[in-house]
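Peer 1: To start, I am sharing the structure in question, which I have written as C-alpha coordinates.
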Amino acid sequence: VQLVESGGGLVQPGGSLRLSCAASGFTVSNYDMSWYRQAPGKERELVATITSVGGITNYVNSVKGRFTISRDNAKNAVSLQMNSLKPEDTAVYYCNGRRFRYDYWGQGTQVTVSS
(Lines give C-alpha, C1' and ligand atoms only; values in the text may rest on other atoms or scores of the structure.)
Protein backbone atom coordinates (compact mmCIF):
# COMPACT_ATOMS: atom_id res chain seq x y z
CA VAL A 1 0.00 0.00 0.00
CA GLN A 2 1.38 3.40 -0.94
CA LEU A 3 0.28 7.03 -1.19
CA VAL A 4 2.57 9.39 -3.09
CA GLU A 5 1.95 13.14 -2.98
CA SER A 6 3.27 15.59 -5.55
CA GLY A 7 2.73 19.18 -6.64
CA GLY A 8 4.06 21.11 -3.68
CA GLY A 9 6.42 24.05 -4.00
CA LEU A 10 6.97 27.73 -3.46
CA VAL A 11 4.22 30.13 -4.53
CA GLN A 12 3.51 33.81 -3.97
CA PRO A 13 0.50 34.94 -1.91
CA GLY A 14 -2.61 34.87 -4.06
CA GLY A 15 -1.22 32.12 -6.24
CA SER A 16 -2.42 28.56 -6.88
CA LEU A 17 -1.09 25.04 -6.55
CA ARG A 18 -2.57 21.65 -7.28
CA LEU A 19 -1.51 18.73 -5.09
CA SER A 20 -1.93 15.17 -6.32
CA CYS A 21 -1.96 11.90 -4.38
CA ALA A 22 -1.49 8.67 -6.30
CA ALA A 23 -2.59 5.49 -4.51
CA SER A 24 -1.47 1.93 -5.01
CA GLY A 25 -2.48 -1.23 -3.20
CA PHE A 26 -6.01 -0.07 -2.48
CA THR A 27 -8.90 1.63 -4.29
CA VAL A 28 -9.44 5.26 -3.31
CA SER A 29 -13.14 5.16 -4.19
CA ASN A 30 -13.66 2.67 -1.33
CA TYR A 31 -11.98 4.92 1.23
CA ASP A 32 -12.61 8.29 2.81
CA MET A 33 -9.75 10.32 1.39
CA SER A 34 -8.40 13.41 3.11
CA TRP A 35 -5.70 16.02 3.00
CA TYR A 36 -4.04 17.10 6.23
CA ARG A 37 -1.38 19.70 6.83
CA GLN A 38 1.17 20.41 9.52
CA ALA A 39 2.92 23.74 9.96
CA PRO A 40 6.13 24.06 12.01
CA GLY A 41 5.38 23.94 15.71
CA LYS A 42 1.71 23.13 15.16
CA GLU A 43 -0.43 20.00 15.30
CA ARG A 44 -1.51 18.20 12.17
CA GLU A 45 -4.77 19.68 10.88
CA LEU A 46 -7.51 18.11 8.76
CA VAL A 47 -7.93 20.31 5.68
CA ALA A 48 -10.39 18.51 3.41
CA THR A 49 -12.18 15.16 3.04
CA ILE A 50 -14.07 13.41 0.27
CA THR A 51 -16.19 10.49 1.44
CA SER A 52 -16.29 7.07 -0.17
CA VAL A 53 -20.08 7.08 -0.13
CA GLY A 54 -21.57 9.88 -2.16
CA GLY A 55 -18.35 11.78 -2.66
CA ILE A 56 -19.33 14.33 -0.02
CA THR A 57 -16.69 16.98 0.57
CA ASN A 58 -15.87 18.80 3.79
CA TYR A 59 -13.34 21.56 4.50
CA VAL A 60 -11.84 23.30 7.46
CA ASN A 61 -13.28 26.82 7.70
CA SER A 62 -9.99 28.52 6.89
CA VAL A 63 -9.86 27.04 3.36
CA LYS A 64 -13.55 27.03 2.39
CA GLY A 65 -14.06 28.73 -0.95
CA ARG A 66 -10.35 28.51 -1.79
CA PHE A 67 -9.51 24.79 -1.80
CA THR A 68 -11.23 21.97 -3.67
CA ILE A 69 -10.71 18.25 -3.08
CA SER A 70 -11.52 15.83 -5.89
CA ARG A 71 -11.13 12.17 -6.72
CA ASP A 72 -10.20 10.54 -10.04
CA ASN A 73 -11.30 6.92 -9.88
CA ALA A 74 -9.73 6.09 -13.25
CA LYS A 75 -6.32 7.24 -12.02
CA ASN A 76 -6.91 5.99 -8.46
CA ALA A 77 -5.85 9.38 -7.21
CA VAL A 78 -7.01 12.35 -5.17
CA SER A 79 -6.18 16.01 -5.75
CA LEU A 80 -6.34 19.26 -3.82
CA GLN A 81 -6.71 22.44 -5.86
CA MET A 82 -5.53 25.39 -3.78
CA ASN A 83 -6.34 28.93 -4.91
CA SER A 84 -5.82 32.35 -3.33
CA LEU A 85 -3.03 30.94 -1.21
CA LYS A 86 -2.01 32.76 1.95
CA PRO A 87 1.22 32.64 3.97
CA GLU A 88 -0.67 30.80 6.71
CA ASP A 89 -1.28 27.93 4.28
CA THR A 90 2.44 27.14 4.48
CA ALA A 91 2.81 23.57 5.75
CA VAL A 92 3.63 20.01 4.83
CA TYR A 93 0.53 18.53 3.22
CA TYR A 94 -0.28 14.85 3.70
CA CYS A 95 -2.67 12.56 1.86
CA ASN A 96 -4.68 10.07 3.96
CA GLY A 97 -6.95 7.15 3.16
CA ARG A 98 -9.15 5.68 5.87
CA ARG A 99 -11.63 2.81 6.00
CA PHE A 100 -12.56 0.99 9.21
CA ARG A 101 -9.26 -0.01 10.85
CA TYR A 102 -7.21 0.78 7.74
CA ASP A 103 -5.40 4.12 7.87
CA TYR A 104 -2.84 5.00 5.19
CA TRP A 105 -0.57 8.06 4.95
CA GLY A 106 1.68 9.56 2.33
CA GLN A 107 5.10 11.02 3.00
CA GLY A 108 3.98 14.63 2.60
CA THR A 109 4.75 17.48 0.23
CA GLN A 110 5.93 20.94 1.26
CA VAL A 111 3.86 23.99 0.34
CA THR A 112 5.42 27.38 1.01
CA VAL A 113 3.51 30.59 0.40
CA SER A 114 5.85 33.56 0.47
CA SER A 115 6.78 36.65 -1.49
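Ordering of the C-alpha coordinates sets the chain letters (A, B, ...); residue numbers start at 1 within each chain; ligands are numbered from 1 in the order shown.
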Counting only C-alpha atoms, what is within 8 Å of Ala48 (chain A), bar same-chain residues fewer than 6 positions away, as an mmCIF file with N, CA, C and O atoms, in the first residue's frame?
Peer 2:
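Output file around-v6.cif is given in full below:
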data_model
loop_
_atom_site.group_PDB
_atom_site.id
_atom_site.type_symbol
_atom_site.label_atom_id
_atom_site.label_comp_id
_atom_site.auth_asym_id
_atom_site.auth_seq_id
_atom_site.Cartn_x
_atom_site.Cartn_y
_atom_site.Cartn_z
ATOM 1 N N SER A 34 -8.546 12.093 2.502
ATOM 2 C CA SER A 34 -8.396 13.408 3.109
ATOM 3 C C SER A 34 -7.020 13.989 2.825
ATOM 4 O O SER A 34 -6.072 13.261 2.525
ATOM 5 N N TRP A 35 -6.958 15.301 2.962
ATOM 6 C CA TRP A 35 -5.696 16.020 3.001
ATOM 7 C C TRP A 35 -5.557 16.651 4.387
ATOM 8 O O TRP A 35 -6.503 17.280 4.886
ATOM 9 N N TYR A 36 -4.408 16.463 4.981
ATOM 10 C CA TYR A 36 -4.040 17.098 6.234
ATOM 11 C C TYR A 36 -2.844 18.011 5.974
ATOM 12 O O TYR A 36 -2.161 17.878 4.962
ATOM 13 N N THR A 57 -17.916 16.267 0.226
ATOM 14 C CA THR A 57 -16.692 16.978 0.569
ATOM 15 C C THR A 57 -16.904 17.860 1.798
ATOM 16 O O THR A 57 -17.980 18.427 2.001
ATOM 17 N N ASN A 58 -15.866 17.942 2.608
ATOM 18 C CA ASN A 58 -15.869 18.802 3.787
ATOM 19 C C ASN A 58 -14.525 19.508 3.890
ATOM 20 O O ASN A 58 -13.489 18.933 3.523
ATOM 21 N N TYR A 59 -14.563 20.738 4.419
ATOM 22 C CA TYR A 59 -13.343 21.560 4.495
ATOM 23 C C TYR A 59 -13.254 22.245 5.854
ATOM 24 O O TYR A 59 -14.276 22.592 6.460
ATOM 25 N N VAL A 60 -12.026 22.450 6.295
ATOM 26 C CA VAL A 60 -11.836 23.305 7.459
ATOM 27 C C VAL A 60 -12.223 24.729 7.068
ATOM 28 O O VAL A 60 -12.062 25.133 5.905
ATOM 29 N N THR A 68 -10.279 22.954 -3.185
ATOM 30 C CA THR A 68 -11.234 21.969 -3.674
ATOM 31 C C THR A 68 -10.575 20.593 -3.718
ATOM 32 O O THR A 68 -9.531 20.424 -4.359
ATOM 33 N N ILE A 69 -11.190 19.626 -3.044
ATOM 34 C CA ILE A 69 -10.709 18.252 -3.084
ATOM 35 C C ILE A 69 -11.519 17.485 -4.129
ATOM 36 O O ILE A 69 -12.731 17.689 -4.263
#
Peer 1: Find the residue from A:Asn96, A:Ser114, A:Gln107, A:Ile56 that sits nearest to Val78 (chain A); use only C-alpha atoms when measuring.
Peer 2: A:Asn96
Peer 1: Can you check which parts of region 23-43 of chain A lie within 12 Å of region 81-92 of chain A? Per residue, the shortest pair of atoms and distance in Å to one decimal, counting only C-alpha atoms, sorted by chain and number, as JSON lines.
Peer 2:
{"residue": "A:Trp35", "atom": "CA", "partner": "A:Val92", "partner_atom": "CA", "distance": 10.3}
{"residue": "A:Tyr36", "atom": "CA", "partner": "A:Val92", "partner_atom": "CA", "distance": 8.3}
{"residue": "A:Arg37", "atom": "CA", "partner": "A:Val92", "partner_atom": "CA", "distance": 5.4}
{"residue": "A:Gln38", "atom": "CA", "partner": "A:Ala91", "partner_atom": "CA", "distance": 5.2}
{"residue": "A:Ala39", "atom": "CA", "partner": "A:Ala91", "partner_atom": "CA", "distance": 4.2}
{"residue": "A:Pro40", "atom": "CA", "partner": "A:Ala91", "partner_atom": "CA", "distance": 7.1}
{"residue": "A:Gly41", "atom": "CA", "partner": "A:Ala91", "partner_atom": "CA", "distance": 10.3}
{"residue": "A:Lys42", "atom": "CA", "partner": "A:Ala91", "partner_atom": "CA", "distance": 9.5}
{"residue": "A:Glu43", "atom": "CA", "partner": "A:Ala91", "partner_atom": "CA", "distance": 10.7}
Peer 1: DSSP on the backbone, then: every residue of chain A marked strand (DSSP E), written as a ChimeraX atom specification.
Peer 2: /A:2-6,9-11,17-24,32-38,45-50,57-59,67-72,77-82,91-99,102-105,109-113
Peer 1: So how many Å separate CA of Cys21 (chain A) and CA of Ser52 (chain A), to one decimal?
Peer 2: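 Result for CA of Cys21 (chain A) versus CA of Ser52 (chain A): 15.7 Å, one decimal.
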Peer 1: Might you pull out every residue within 12 Å of Asn61 (chain A), with only C-alpha atoms counted and same-chain residues fewer than 5 positions away left off, and present them as a PyMOL selection string?
Peer 2: chain A and resi 45-48+66-67
Peer 1: Closest to Ser20 (chain A) among A:Leu80, A:Val113, A:Val53, A:Leu3, using only C-alpha atoms?
Peer 2: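 Among A:Leu80, A:Val113, A:Val53, A:Leu3, it is A:Leu80 that comes nearest to Ser20 (chain A).
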Peer 1: Here is a test: counting only C-alpha atoms, which residue of A:Arg71, A:Asn76, A:Gln2, A:Leu17 is nearest to Gln110 (chain A)?
Peer 2: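 Closest to Gln110 (chain A) of all the choices is A:Leu17.
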Peer 1: Can you tell me, as a list in words, which residues in chain A count as helix (DSSP H, G or I) by DSSP?
Peer 2: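 Of chain A, the ones in helix (DSSP H, G or I) are Val28, Ser29, Asn30, Asn61, Ser62, Val63, Pro87, Glu88 and Asp89 of chain A.
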Peer 1: Quick one: residues within 9 Å of Ser115 (chain A), only C-alpha atoms, excluding same-chain residues fewer than 5 positions away - as a list in words?
Peer 2: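 After dropping sequence-adjacent residues, the list is Val11, Gln12, Pro13 and Pro87 of chain A.
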